[in-house]
$ cat my_file-v1.cif   # mmCIF, C-alpha atoms and all ligand atoms
data_upload
loop_
_atom_site.label_atom_id
_atom_site.label_comp_id
_atom_site.auth_asym_id
_atom_site.auth_seq_id
_atom_site.Cartn_x
_atom_site.Cartn_y
_atom_site.Cartn_z
CA MET A 1 89.70 95.58 79.67
CA GLY A 2 89.91 93.90 83.08
CA ILE A 3 92.86 91.85 84.37
CA ARG A 4 92.41 88.67 86.37
CA LEU A 5 95.27 86.83 88.08
CA SER A 6 94.68 83.46 89.64
CA GLN A 7 97.30 81.66 91.76
CA ILE A 8 100.24 83.57 90.28
CA ALA A 9 103.48 82.79 92.15
CA LYS A 10 107.18 83.36 91.46
CA THR A 11 110.37 81.71 92.63
CA TYR A 12 113.65 83.06 91.27
CA GLY A 13 116.34 80.41 90.91
CA ARG A 14 116.02 76.80 91.99
CA PRO A 15 112.70 75.39 93.21
CA GLY A 16 112.67 75.30 96.99
CA THR A 17 114.26 78.76 97.40
CA PRO A 18 111.91 81.23 99.10
CA ARG A 19 109.23 82.63 96.82
CA ALA A 20 109.46 86.26 95.70
CA LEU A 21 105.70 86.07 95.21
CA GLU A 22 103.36 83.75 97.12
CA PRO A 23 100.35 82.48 95.09
CA ILE A 24 98.29 85.61 94.41
CA ASP A 25 94.72 86.16 93.24
CA LEU A 26 93.90 89.63 91.99
CA GLU A 27 91.08 91.13 89.92
CA ILE A 28 91.38 94.56 88.34
CA ALA A 29 88.27 95.99 86.72
CA SER A 30 88.25 97.51 83.26
CA GLY A 31 89.18 101.20 83.43
CA GLU A 32 90.55 100.93 86.96
CA LEU A 33 93.77 102.61 88.11
CA VAL A 34 95.44 100.33 90.63
CA GLY A 35 98.58 101.04 92.66
CA LEU A 36 100.89 98.27 93.91
CA LEU A 37 102.35 99.62 97.14
CA GLY A 38 104.89 98.01 99.46
CA PRO A 39 108.39 98.23 100.87
CA SER A 40 111.47 97.34 98.86
CA GLY A 41 111.58 93.64 98.00
CA SER A 42 107.86 93.03 98.62
CA GLY A 43 107.31 91.73 95.07
CA LYS A 44 105.66 94.72 93.35
CA THR A 45 107.91 94.78 90.29
CA THR A 46 107.84 91.00 89.99
CA LEU A 47 104.04 91.08 89.89
CA LEU A 48 103.98 93.89 87.31
CA ARG A 49 106.53 92.10 85.11
CA ILE A 50 104.46 88.91 85.23
CA ILE A 51 101.34 90.85 84.16
CA ALA A 52 103.41 92.33 81.33
CA GLY A 53 104.76 88.96 80.21
CA LEU A 54 108.37 90.00 80.87
CA GLU A 55 108.66 87.34 83.57
CA GLN A 56 107.30 83.80 83.65
CA ALA A 57 105.22 82.82 86.70
CA ASP A 58 105.91 79.50 88.45
CA ARG A 59 104.43 76.35 86.88
CA ASP A 60 103.51 75.09 90.34
CA PRO A 61 100.88 76.19 91.19
CA ALA A 62 99.70 76.50 87.59
CA GLY A 63 98.47 80.12 87.74
CA THR A 64 96.62 81.96 84.98
CA ILE A 65 96.40 85.54 83.71
CA HIS A 66 93.37 86.80 81.81
CA PHE A 67 92.98 90.12 80.00
CA GLY A 68 89.22 90.35 79.67
CA SER A 69 88.14 86.91 78.49
CA ARG A 70 91.51 86.28 76.77
CA ASP A 71 93.87 83.86 78.54
CA VAL A 72 97.28 85.51 78.09
CA THR A 73 99.22 83.21 80.46
CA GLU A 74 101.34 81.84 77.62
CA VAL A 75 101.11 84.90 75.34
CA HIS A 76 104.39 86.66 74.49
CA VAL A 77 104.89 90.21 75.80
CA ARG A 78 104.81 91.58 72.26
CA ASP A 79 101.33 90.13 71.69
CA ARG A 80 99.75 91.20 74.98
CA ARG A 81 98.98 94.71 73.65
CA ILE A 82 100.15 96.63 76.68
CA GLY A 83 101.91 99.96 77.13
CA PHE A 84 104.87 100.33 79.53
CA VAL A 85 106.43 103.24 81.32
CA PHE A 86 109.49 102.67 83.46
CA GLN A 87 111.35 104.87 85.88
CA HIS A 88 114.53 105.23 83.88
CA TYR A 89 113.38 106.90 80.73
CA ALA A 90 114.23 104.44 78.02
CA LEU A 91 113.81 107.01 75.26
CA PHE A 92 115.94 106.60 72.16
CA LYS A 93 118.61 109.28 72.56
CA HIS A 94 119.37 109.65 68.87
CA MET A 95 115.70 110.17 67.92
CA THR A 96 113.61 113.31 68.21
CA VAL A 97 110.59 113.43 70.47
CA PHE A 98 108.37 112.96 67.44
CA ASP A 99 110.28 109.87 66.27
CA ASN A 100 110.32 108.39 69.76
CA VAL A 101 106.54 108.58 69.98
CA ALA A 102 106.09 107.34 66.40
CA PHE A 103 108.52 104.43 66.83
CA GLY A 104 106.03 101.74 67.86
CA LEU A 105 103.78 102.62 64.93
CA THR A 106 106.53 102.74 62.29
CA VAL A 107 107.86 99.27 63.17
CA GLN A 108 104.47 97.58 62.87
CA PRO A 109 104.27 94.96 60.14
CA ARG A 110 103.11 96.18 56.75
CA GLY A 111 99.36 95.72 56.62
CA GLN A 112 98.88 96.78 60.27
CA ARG A 113 101.04 99.89 59.96
CA PRO A 114 99.09 103.15 59.57
CA SER A 115 100.01 105.40 56.62
CA SER A 116 102.69 108.04 57.27
CA GLY A 117 99.98 110.72 57.27
CA GLU A 118 98.01 108.85 59.91
CA ILE A 119 101.14 108.30 62.00
CA ARG A 120 101.94 112.03 61.83
CA ALA A 121 98.40 112.95 62.90
CA ARG A 122 98.36 110.46 65.77
CA VAL A 123 101.77 111.53 67.10
CA HIS A 124 100.77 115.20 67.02
CA GLN A 125 97.56 114.38 68.85
CA LEU A 126 99.50 112.47 71.53
CA LEU A 127 102.06 115.25 71.90
CA GLU A 128 99.25 117.73 72.29
CA MET A 129 97.73 115.55 74.97
CA VAL A 130 100.98 115.41 76.95
CA GLN A 131 101.42 119.13 76.25
CA LEU A 132 104.70 118.74 74.40
CA GLU A 133 103.77 119.60 70.82
CA ARG A 134 106.26 122.41 70.57
CA PHE A 135 109.08 120.03 71.59
CA ALA A 136 108.43 117.56 68.74
CA GLN A 137 111.77 118.22 67.05
CA ARG A 138 113.89 118.22 70.19
CA TYR A 139 116.05 115.34 71.37
CA PRO A 140 115.48 113.69 74.80
CA ALA A 141 118.64 115.26 76.24
CA GLU A 142 117.10 118.71 75.58
CA LEU A 143 114.10 117.99 77.86
CA SER A 144 113.62 118.04 81.63
CA GLY A 145 113.05 114.75 83.49
CA GLY A 146 109.31 115.37 83.76
CA GLN A 147 109.04 116.19 80.05
CA GLN A 148 110.95 113.02 79.16
CA GLN A 149 108.57 111.03 81.30
CA ARG A 150 105.61 112.54 79.46
CA VAL A 151 107.22 111.53 76.15
CA SER A 152 107.52 107.97 77.54
CA LEU A 153 103.82 108.04 78.32
CA ALA A 154 102.90 109.34 74.86
CA ARG A 155 105.06 106.62 73.32
CA ALA A 156 103.40 103.94 75.47
CA LEU A 157 99.95 105.20 74.44
CA ALA A 158 100.73 105.41 70.71
CA LEU A 159 99.67 101.83 70.07
CA ARG A 160 96.41 102.46 71.93
CA PRO A 161 96.98 99.79 74.57
CA GLU A 162 94.04 98.75 76.69
CA VAL A 163 96.41 98.09 79.58
CA LEU A 164 99.10 100.51 80.73
CA LEU A 165 101.76 99.31 83.18
CA LEU A 166 103.96 101.80 85.01
CA ASP A 167 106.93 100.91 87.24
CA GLU A 168 107.82 103.77 89.61
CA PRO A 169 107.10 106.15 86.72
CA PHE A 170 107.87 109.29 88.68
CA GLY A 171 110.50 107.84 91.00
CA ALA A 172 113.44 109.86 89.73
CA LEU A 173 111.68 113.23 89.73
CA ASP A 174 111.55 115.97 92.34
CA ALA A 175 108.54 116.31 94.65
CA LYS A 176 106.75 119.16 92.83
CA VAL A 177 107.10 117.64 89.35
CA ARG A 178 105.99 114.28 90.73
CA GLN A 179 102.82 115.79 92.11
CA ASP A 180 102.00 117.61 88.86
CA LEU A 181 102.58 114.48 86.78
CA ARG A 182 100.45 112.42 89.16
CA ARG A 183 97.44 114.71 88.73
CA TRP A 184 98.03 114.86 85.04
CA LEU A 185 98.19 111.03 84.74
CA ARG A 186 94.96 110.74 86.72
CA HIS A 187 93.21 113.10 84.27
CA LEU A 188 94.63 111.32 81.26
CA HIS A 189 93.51 107.98 82.65
CA ASP A 190 89.98 109.26 83.22
CA GLU A 191 89.86 110.77 79.75
CA LEU A 192 91.16 107.77 77.81
CA ASN A 193 89.74 105.08 80.09
CA PHE A 194 92.43 102.42 79.82
CA THR A 195 93.24 100.02 82.66
CA SER A 196 96.41 100.97 84.56
CA VAL A 197 98.59 99.24 87.12
CA PHE A 198 101.49 101.15 88.64
CA VAL A 199 104.19 100.30 91.15
CA THR A 200 105.21 102.69 93.88
CA HIS A 201 106.77 102.60 97.33
CA ASP A 202 105.36 106.07 98.06
CA GLN A 203 102.21 105.91 100.23
CA GLU A 204 101.05 109.39 99.28
CA GLU A 205 101.42 108.65 95.59
CA ALA A 206 99.45 105.40 95.87
CA LEU A 207 96.68 106.97 97.96
CA GLU A 208 96.33 110.04 95.76
CA LEU A 209 96.41 108.35 92.38
CA SER A 210 94.71 104.97 92.75
CA ASP A 211 91.11 103.83 92.59
CA ARG A 212 92.30 100.89 94.68
CA VAL A 213 95.62 100.14 96.34
CA VAL A 214 97.17 96.70 96.65
CA VAL A 215 99.38 96.73 99.76
CA MET A 216 102.12 94.10 99.58
CA SER A 217 104.76 92.73 101.94
CA ASP A 218 107.01 89.68 101.65
CA GLY A 219 105.43 88.56 98.38
CA ARG A 220 101.91 88.63 99.83
CA ILE A 221 98.90 90.88 99.41
CA GLU A 222 98.11 92.36 102.83
CA GLN A 223 95.04 94.32 101.75
CA ILE A 224 93.26 95.57 98.63
CA ASP A 225 90.99 98.57 99.09
CA ALA A 226 90.08 102.07 98.04
CA PRO A 227 92.43 104.66 99.61
CA ALA A 228 89.87 105.96 102.12
CA ALA A 229 88.87 102.45 103.26
CA LEU A 230 92.50 101.43 103.57
CA TYR A 231 93.27 104.39 105.75
CA ARG A 232 90.12 104.10 107.85
CA ALA A 233 90.10 100.34 108.32
CA PRO A 234 93.59 98.84 107.95
CA ALA A 235 93.41 95.02 107.90
CA ASN A 236 96.43 94.64 110.15
CA ARG A 237 99.29 96.38 111.89
CA PHE A 238 101.60 96.24 108.87
CA VAL A 239 99.11 98.17 106.72
CA PHE A 240 98.46 100.68 109.50
CA GLU A 241 102.15 101.38 110.04
CA PHE A 242 103.01 101.45 106.35
CA LEU A 243 100.34 104.02 105.48
CA GLY A 244 101.51 106.88 107.65
CA ASP A 245 103.29 108.19 110.74
CA VAL A 246 102.47 106.35 113.96
CA ASN A 247 102.88 107.34 117.62
CA ARG A 248 103.25 104.49 120.12
CA LEU A 249 102.07 104.42 123.72
CA GLU A 250 103.16 101.35 125.67
CA GLY A 251 102.17 100.81 129.26
CA GLU A 252 100.43 98.76 131.90
CA VAL A 253 96.65 98.87 132.32
CA ARG A 254 95.34 98.83 135.88
CA ASP A 255 92.09 100.15 137.39
CA GLY A 256 90.87 101.67 134.09
CA ALA A 257 94.06 103.53 133.24
CA LEU A 258 97.14 102.87 131.19
CA THR A 259 100.27 104.15 132.93
CA CYS A 260 103.81 104.56 131.74
CA GLY A 261 106.17 106.42 134.07
CA GLU A 262 104.44 109.66 134.99
CA ALA A 263 102.02 109.36 132.04
CA ARG A 264 98.44 108.19 132.50
CA LEU A 265 95.52 107.65 130.07
CA ALA A 266 92.01 106.52 131.00
CA VAL A 267 91.12 103.42 128.92
CA ASP A 268 88.53 100.69 128.94
CA LEU A 269 90.84 97.73 128.34
CA PRO A 270 91.78 94.43 130.01
CA GLU A 271 94.44 94.67 132.73
CA GLY A 272 98.07 94.01 131.75
CA PRO A 273 100.57 95.33 129.20
CA GLN A 274 99.05 97.16 126.22
CA GLU A 275 100.32 99.09 123.22
CA LEU A 276 98.21 101.81 121.63
CA LEU A 277 98.96 103.40 118.25
CA LEU A 278 97.88 106.91 117.24
CA ARG A 279 98.11 108.90 114.03
CA PRO A 280 99.58 112.42 114.40
CA HIS A 281 96.18 114.01 113.69
CA GLU A 282 94.41 111.84 116.27
CA LEU A 283 95.63 113.85 119.23
CA SER A 284 95.34 117.46 120.26
CA LEU A 285 97.75 119.47 122.40
CA GLU A 286 96.66 121.30 125.53
CA ALA A 287 98.32 123.62 128.05
CA ALA A 288 97.08 121.52 131.01
CA PRO A 289 96.31 117.82 131.64
CA SER A 290 92.71 116.59 131.81
CA ALA A 291 90.99 113.96 133.97
CA ALA A 292 91.17 111.52 131.04
CA ALA A 293 94.78 112.10 130.02
CA HIS A 294 97.97 113.14 131.74
CA LEU A 295 100.57 112.85 128.97
CA PRO A 296 103.21 115.55 129.55
CA MET A 297 105.58 116.22 126.66
CA THR A 298 108.23 118.69 125.60
CA VAL A 299 108.14 120.31 122.15
CA THR A 300 111.38 119.49 120.30
CA ALA A 301 110.57 120.95 116.86
CA VAL A 302 107.80 122.96 115.15
CA VAL A 303 107.21 123.09 111.38
CA PRO A 304 104.45 125.64 110.71
CA VAL A 305 104.43 125.13 106.91
CA GLY A 306 101.38 124.01 104.92
CA ALA A 307 97.77 123.43 105.94
CA GLU A 308 98.79 121.99 109.31
CA VAL A 309 101.55 122.55 111.85
CA ARG A 310 103.82 119.57 112.57
CA VAL A 311 104.93 119.43 116.18
CA GLU A 312 107.58 116.96 117.35
CA LEU A 313 107.37 115.93 120.99
CA ALA A 314 109.56 113.98 123.41
CA ALA A 315 109.22 112.71 126.99
CA ASP A 316 111.30 110.63 129.39
CA TRP A 317 108.52 108.06 129.56
CA LEU A 318 108.45 107.62 125.74
CA ALA A 319 110.85 105.31 123.90
CA GLU A 320 110.42 107.26 120.61
CA PRO A 321 109.38 110.86 119.95
CA TRP A 322 105.80 111.63 118.91
CA LEU A 323 104.52 113.73 116.05
CA ALA A 324 101.33 115.82 116.28
CA THR A 325 99.69 117.69 113.39
CA ILE A 326 97.58 120.54 114.68
CA GLY A 327 95.67 123.41 113.08
CA HIS A 328 97.13 126.91 112.80
CA GLY A 329 94.41 128.08 115.22
CA ASP A 330 95.68 125.78 118.00
CA PHE A 331 99.25 126.64 117.11
CA GLU A 332 98.55 130.32 117.74
CA ARG A 333 96.30 129.77 120.77
CA LEU A 334 98.99 127.70 122.53
CA ASP A 335 101.82 129.82 121.15
CA VAL A 336 103.72 126.58 120.49
CA ARG A 337 107.51 126.95 120.87
CA ARG A 338 110.48 124.62 121.10
CA GLY A 339 111.17 123.62 124.72
CA GLN A 340 107.56 124.23 125.80
CA ARG A 341 105.78 121.68 128.00
CA LEU A 342 102.38 120.60 126.63
CA TYR A 343 99.91 117.77 127.25
CA ALA A 344 98.75 115.35 124.56
CA LEU A 345 95.06 114.51 124.49
CA PRO A 346 94.31 111.45 122.32
CA GLN A 347 90.99 111.58 120.46
CA ARG A 348 91.28 108.14 118.99
CA TRP A 349 93.68 105.24 119.11
CA HIS A 350 94.19 101.82 117.53
CA ARG A 351 95.28 98.51 118.97
CA PHE A 352 96.47 95.40 117.16
CA ALA A 353 96.89 91.86 118.45
CA ALA A 354 100.37 90.32 118.43
CA GLU A 355 99.81 88.61 115.07
CA GLY A 356 98.86 91.96 113.58
CA ARG A 357 95.07 91.71 113.22
CA PRO A 358 93.01 94.54 114.75
CA ALA A 359 92.30 93.63 118.37
CA THR A 360 89.52 96.16 118.71
CA GLN A 361 87.80 98.63 116.49
CA PRO A 362 89.57 101.98 116.74
CA SER A 363 87.98 103.58 119.78
CA LEU A 364 87.43 106.96 121.26
CA ALA A 365 89.47 107.55 124.39
N1 LIG B 401 116.02 88.66 88.78
C1 LIG B 401 115.96 88.28 90.07
N2 LIG B 401 116.68 87.24 90.53
C2 LIG B 401 116.61 86.82 91.80
N3 LIG B 401 115.84 87.42 92.74
C3 LIG B 401 115.09 88.48 92.35
C4 LIG B 401 115.12 88.97 91.00
N4 LIG B 401 114.28 90.04 90.93
C5 LIG B 401 113.77 90.20 92.17
N5 LIG B 401 114.25 89.27 93.03
C6 LIG B 401 113.87 89.11 94.45
O1 LIG B 401 112.47 88.99 94.53
C7 LIG B 401 111.94 89.72 95.62
C8 LIG B 401 110.91 90.74 95.12
O2 LIG B 401 111.56 91.70 94.31
P1 LIG B 401 110.79 92.86 93.54
O3 LIG B 401 111.78 93.57 92.68
O4 LIG B 401 109.59 92.29 92.90
O5 LIG B 401 110.36 93.76 94.76
P2 LIG B 401 109.82 95.28 94.76
O6 LIG B 401 108.72 95.29 95.75
O7 LIG B 401 109.51 95.72 93.38
O8 LIG B 401 111.09 96.05 95.33
P3 LIG B 401 111.66 97.51 94.97
O9 LIG B 401 110.67 98.50 95.50
O10 LIG B 401 112.97 97.54 95.72
O11 LIG B 401 111.84 97.57 93.49
C9 LIG B 401 113.14 90.37 96.31
O12 LIG B 401 113.49 89.57 97.41
C10 LIG B 401 114.21 90.36 95.24
O13 LIG B 401 115.49 90.28 95.83
#

$ encode --input "my_file-v1.cif" --output "structure tokens" --more "lines below"
Ligand SMILES: Nc1ncnc2c1ncn2[C@@H]1O[C@H](COP(=O)(O)OP(=O)(O)OP(=O)(O)O)[C@@H](O)[C@H]1O
Amino acid sequence: MGIRLSQIAKTYGRPGTPRALEPIDLEIASGELVGLLGPSGSGKTTLLRIIAGLEQADRDPAGTIHFGSRDVTEVHVRDRRIGFVFQHYALFKHMTVFDNVAFGLTVQPRGQRPSSGEIRARVHQLLEMVQLERFAQRYPAELSGGQQQRVSLARALALRPEVLLLDEPFGALDAKVRQDLRRWLRHLHDELNFTSVFVTHDQEEALELSDRVVVMSDGRIEQIDAPAALYRAPANRFVFEFLGDVNRLEGEVRDGALTCGEARLAVDLPEGPQELLLRPHELSLEAAPSAAAHLPMTVTAVVPVGAEVRVELAADWLAEPWLATIGHGDFERLDVRRGQRLYALPQRWHRFAAEGRPATQPSLA
């Protein structure tokens, strides 16, 4: 079931105070997994709570929320038929895992409530799906954080919601468990084909898990796109900076070169002050300068763990250190060590106008 928001806004407190959410239009397709990503205070949770019916949107403008063809704008949370998972596991402490998952089914009104045999079968099926069948008789306190979170998911899915809403579902867990649960949620989503919206402030989580990401700041939607498109073609500077590490090169362009202290980079740009932004993988490191680039730097730290080697670099002519991610082959070829002098060679850079829109397409240096 798809979700359609039209002109949804939110002001907390008296009218006239700044809006937590500016009027927003958003369409989520049936079966889509959408991440709401943004810094603290950008309005992610407010938007999710309005979709859930836990928060009332402003009356002015008179926005609407549709689930499929059903207008749910005035429908109570209990009648919206959604599942929730929140960061702080709100499991019932005095109930076993089995009873926690069964809870929503057992409190349904007579007539809608499945028989006790059906409830038992459905709970066992859900526990099997979240791989916790053998923990059915345990209490929440006897489970790890990740296991508790899986129980929360099973409980949310027990009523077979068509929409699942998750607020920082893995926020309190350690990095490895987070990653496992992420992959597992993605599989579950694909298998059961419900529509999911989740809130996160973690770029990697949003990019890895979502079909599309909604990037928010200051109560506004900055961009909505598939992860690859978002990364490749950020709509503005905010999105570019929020999605990953950024190296800055500020200088003065004259006679086809940008200079900054002893540093020099050949560019085809208008004369005057310019700022270029580069991702850590968009530059290579060399033992000597080239005709196109003379960017001398000193290695301040090397982290050779994982698929790539992270190299931190500093220079007198730079206001902030740079980060380069290079392959293990280059790492060995250059024998990269702390204190070593190397030269950065940009392969690609980005430039944004003052108001944040892309000033040029990302170009090759
Ligand atoms: N109950 C409330 N009363 C008053 N202001 C609120 C309330 N809830 C949120 N706000 C304000 O609304 C804005 C958006 O908050 P919201 O919680 O939606 O942001 P968020 O992006 O989810 O942030 P976080 O990642 O920190 O949870 C913030 O400025 C916040 O201070």

$ closest_atom_pairs --input "my_file-v1.cif" --of "chain A" --to "ligand LIG 401 (chain B)" --cutoff "8 Å" --atoms "all atoms listed in the file" --output "CSV"
residue,atom,partner,partner_atom,distance
A:Thr11,CA,B:LIG401,O1,7.8
A:Tyr12,CA,B:LIG401,C2,4.8
A:Gly13,CA,B:LIG401,C2,6.5
A:Arg19,CA,B:LIG401,O1,7.5
A:Ala20,CA,B:LIG401,O1,4.2
A:Leu21,CA,B:LIG401,C8,7.0
A:Leu37,CA,B:LIG401,O6,7.8
A:Gly38,CA,B:LIG401,O6,6.0
A:Pro39,CA,B:LIG401,O9,5.8
A:Ser40,CA,B:LIG401,O10,3.5
A:Gly41,CA,B:LIG401,O5,3.5
A:Ser42,CA,B:LIG401,O6,3.8
A:Gly43,CA,B:LIG401,O4,3.2
A:Lys44,CA,B:LIG401,O6,3.9
A:Thr45,CA,B:LIG401,O7,3.6
A:Thr46,CA,B:LIG401,O4,3.6
A:Leu47,CA,B:LIG401,O4,6.4
A:Val199,CA,B:LIG401,O7,7.4
A:Thr200,CA,B:LIG401,O9,7.1
A:His201,CA,B:LIG401,O9,5.9
A:Met216,CA,B:LIG401,O6,7.7
A:Ser217,CA,B:LIG401,O6,7.8
A:Asp218,CA,B:LIG401,C8,7.7
A:Gly219,CA,B:LIG401,C8,6.7

$ closest_residue --input "my_file-v1.cif" --among "A:Gln147, A:Met95, A:Pro114, A:Gln7" --to "Phe135 of chain A" --atoms "all atoms listed in the file"
A:Gln147

$ atom_distance --input "my_file-v1.cif" --atom1 "atom CA of Pro161 of chain A" --atom2 "atom CA of Phe194 of chain A"
7.4 Å

$ atom_distance --input "my_file-v1.cif" --atom1 "atom CA of Arg341 of chain A" --atom2 "atom CA of Pro289 of chain A"
10.9 Å

$ atom_distance --input "my_file-v1.cif" --atom1 "atom CA of Leu5 of chain A" --atom2 "atom CA of Ile51 of chain A"
8.3 Å

$ residues_around --input "my_file-v1.cif" --residues "segment 79-82 of chain A" --least-positions-apart "5" --cutoff "9 Å" --atoms "only C-alpha atoms" --output "list in words"
Ala52, Gly53, Phe67, Val72, Ala156, Leu157, Leu159, Arg160, Pro161, Glu162, Val163, Leu164 and Leu165 of chain A

$ residues_around --input "my_file-v1.cif" --residues "Trp322 of chain A" --least-positions-apart "4" --cutoff "10 Å" --atoms "all atoms listed in the file" --output "NGL selection string"
:A and (245-249 or 278-280 or 297 or 299-300 or 311-315 or 318 or 344)

$ write_last_selection --input "my_file-v1.cif" --atoms "C-alpha atoms" --output "PDB file, in the frame of the given file"
ATOM      1  CA  ASP A 245     103.290 108.190 110.740  1.00  0.00           C
ATOM      2  CA  VAL A 246     102.470 106.350 113.960  1.00  0.00           C
ATOM      3  CA  ASN A 247     102.880 107.340 117.620  1.00  0.00           C
ATOM      4  CA  ARG A 248     103.250 104.490 120.120  1.00  0.00           C
ATOM      5  CA  LEU A 249     102.070 104.420 123.720  1.00  0.00           C
ATOM      6  CA  LEU A 278      97.880 106.910 117.240  1.00  0.00           C
ATOM      7  CA  ARG A 279      98.110 108.900 114.030  1.00  0.00           C
ATOM      8  CA  PRO A 280      99.580 112.420 114.400  1.00  0.00           C
ATOM      9  CA  MET A 297     105.580 116.220 126.660  1.00  0.00           C
ATOM     10  CA  VAL A 299     108.140 120.310 122.150  1.00  0.00           C
ATOM     11  CA  THR A 300     111.380 119.490 120.300  1.00  0.00           C
ATOM     12  CA  VAL A 311     104.930 119.430 116.180  1.00  0.00           C
ATOM     13  CA  GLU A 312     107.580 116.960 117.350  1.00  0.00           C
ATOM     14  CA  LEU A 313     107.370 115.930 120.990  1.00  0.00           C
ATOM     15  CA  ALA A 314     109.560 113.980 123.410  1.00  0.00           C
ATOM     16  CA  ALA A 315     109.220 112.710 126.990  1.00  0.00           C
ATOM     17  CA  LEU A 318     108.450 107.620 125.740  1.00  0.00           C
ATOM     18  CA  ALA A 344      98.750 115.350 124.560  1.00  0.00           C
TER      19      ALA A 344
END

$ residues_around --input "my_file-v1.cif" --residues "segment 227-244 of chain A" --least-positions-apart "5" --cutoff "12 Å" --atoms "only C-alpha atoms" --output "ChimeraX atom specification"
/A:33-35,37-39,201-218,220-222,275-281,323,348-362

$ residues_around --input "my_file-v1.cif" --residues "His66 of chain A" --least-positions-apart "4" --cutoff "10 Å" --atoms "only C-alpha atoms" --output "PyMOL selection string"
chain A and resi 1-6+27+51+70-73

$ residues_around --input "my_file-v1.cif" --residues "Ala9 of chain A" --least-positions-apart "3" --cutoff "6 Å" --atoms "all atoms listed in the file" --output "list in words"
Leu21, Glu22, Pro23, Ala57 and Asp58 of chain A

$ closest_residue --input "my_file-v1.cif" --among "A:Arg150, A:Pro169, A:Met129, A:Phe84" --to "Leu192 of chain A" --atoms "only C-alpha atoms"
A:Met129

$ closest_residue --input "my_file-v1.cif" --among "A:Ser30, A:Arg310, A:Val303, A:Ala319" --to "Ser69 of chain A" --atoms "all atoms listed in the file"
A:Ser30

$ axis_aligned_box --input "my_file-v1.cif" --around "segment 210-215 of chain A" --padding-each-side "4 Å" --output "AutoDock Vina command-line options"
--center_x 95.2 --center_y 100.8 --center_z 96.2 --size_x 16.3 --size_y 16.3 --size_z 15.2

$ closest_residue --input "my_file-v1.cif" --among "A:Gly171, A:Pro273, A:Gly63, A:Gly104" --to "Phe86 of chain A" --atoms "all atoms listed in the file"
A:Gly171

$ closest_residue --input "my_file-v1.cif" --among "A:Glu252, A:Asp174, A:Glu271, A:Glu168" --to "Phe198 of chain A" --atoms "only C-alpha atoms"
A:Glu168

$ build_atoms --input "my_file-v1.cif" --residues "segment 315-328 of chain A" --atoms "N, CA and C atoms" --output "mmCIF file, in the frame of the given file"
data_model
loop_
_atom_site.group_PDB
_atom_site.id
_atom_site.type_symbol
_atom_site.label_atom_id
_atom_site.label_comp_id
_atom_site.auth_asym_id
_atom_site.auth_seq_id
_atom_site.Cartn_x
_atom_site.Cartn_y
_atom_site.Cartn_z
ATOM 1 N N ALA A 315 109.447 112.824 125.545
ATOM 2 C CA ALA A 315 109.220 112.710 126.990
ATOM 3 C C ALA A 315 110.087 111.586 127.517
ATOM 4 N N ASP A 316 110.474 111.681 128.774
ATOM 5 C CA ASP A 316 111.300 110.630 129.390
ATOM 6 C C ASP A 316 110.601 109.283 129.344
ATOM 7 N N TRP A 317 109.271 109.314 129.470
ATOM 8 C CA TRP A 317 108.520 108.060 129.560
ATOM 9 C C TRP A 317 108.231 107.458 128.174
ATOM 10 N N LEU A 318 108.660 108.125 127.103
ATOM 11 C CA LEU A 318 108.450 107.620 125.740
ATOM 12 C C LEU A 318 109.743 107.066 125.162
ATOM 13 N N ALA A 319 109.661 105.889 124.519
ATOM 14 C CA ALA A 319 110.850 105.310 123.900
ATOM 15 C C ALA A 319 111.212 106.086 122.628
ATOM 16 N N GLU A 320 110.179 106.526 121.867
ATOM 17 C CA GLU A 320 110.420 107.260 120.610
ATOM 18 C C GLU A 320 109.624 108.549 120.647
ATOM 19 N N PRO A 321 110.129 109.594 119.978
ATOM 20 C CA PRO A 321 109.380 110.860 119.950
ATOM 21 C C PRO A 321 108.021 110.698 119.270
ATOM 22 N N TRP A 322 107.117 111.605 119.551
ATOM 23 C CA TRP A 322 105.800 111.630 118.910
ATOM 24 C C TRP A 322 105.743 112.788 117.916
ATOM 25 N N LEU A 323 104.784 112.658 117.010
ATOM 26 C CA LEU A 323 104.520 113.730 116.050
ATOM 27 C C LEU A 323 103.040 114.083 116.153
ATOM 28 N N ALA A 324 102.736 115.382 116.273
ATOM 29 C CA ALA A 324 101.330 115.820 116.280
ATOM 30 C C ALA A 324 101.141 116.775 115.121
ATOM 31 N N THR A 325 100.009 116.675 114.399
ATOM 32 C CA THR A 325 99.690 117.690 113.390
ATOM 33 C C THR A 325 98.481 118.448 113.914
ATOM 34 N N ILE A 326 98.658 119.731 114.102
ATOM 35 C CA ILE A 326 97.580 120.540 114.680
ATOM 36 C C ILE A 326 97.246 121.696 113.731
ATOM 37 N N GLY A 327 96.091 122.284 113.922
ATOM 38 C CA GLY A 327 95.670 123.410 113.080
ATOM 39 C C GLY A 327 96.439 124.682 113.450
ATOM 40 N N HIS A 328 96.441 125.642 112.522
ATOM 41 C CA HIS A 328 97.130 126.910 112.800
ATOM 42 C C HIS A 328 96.463 127.656 113.956
#
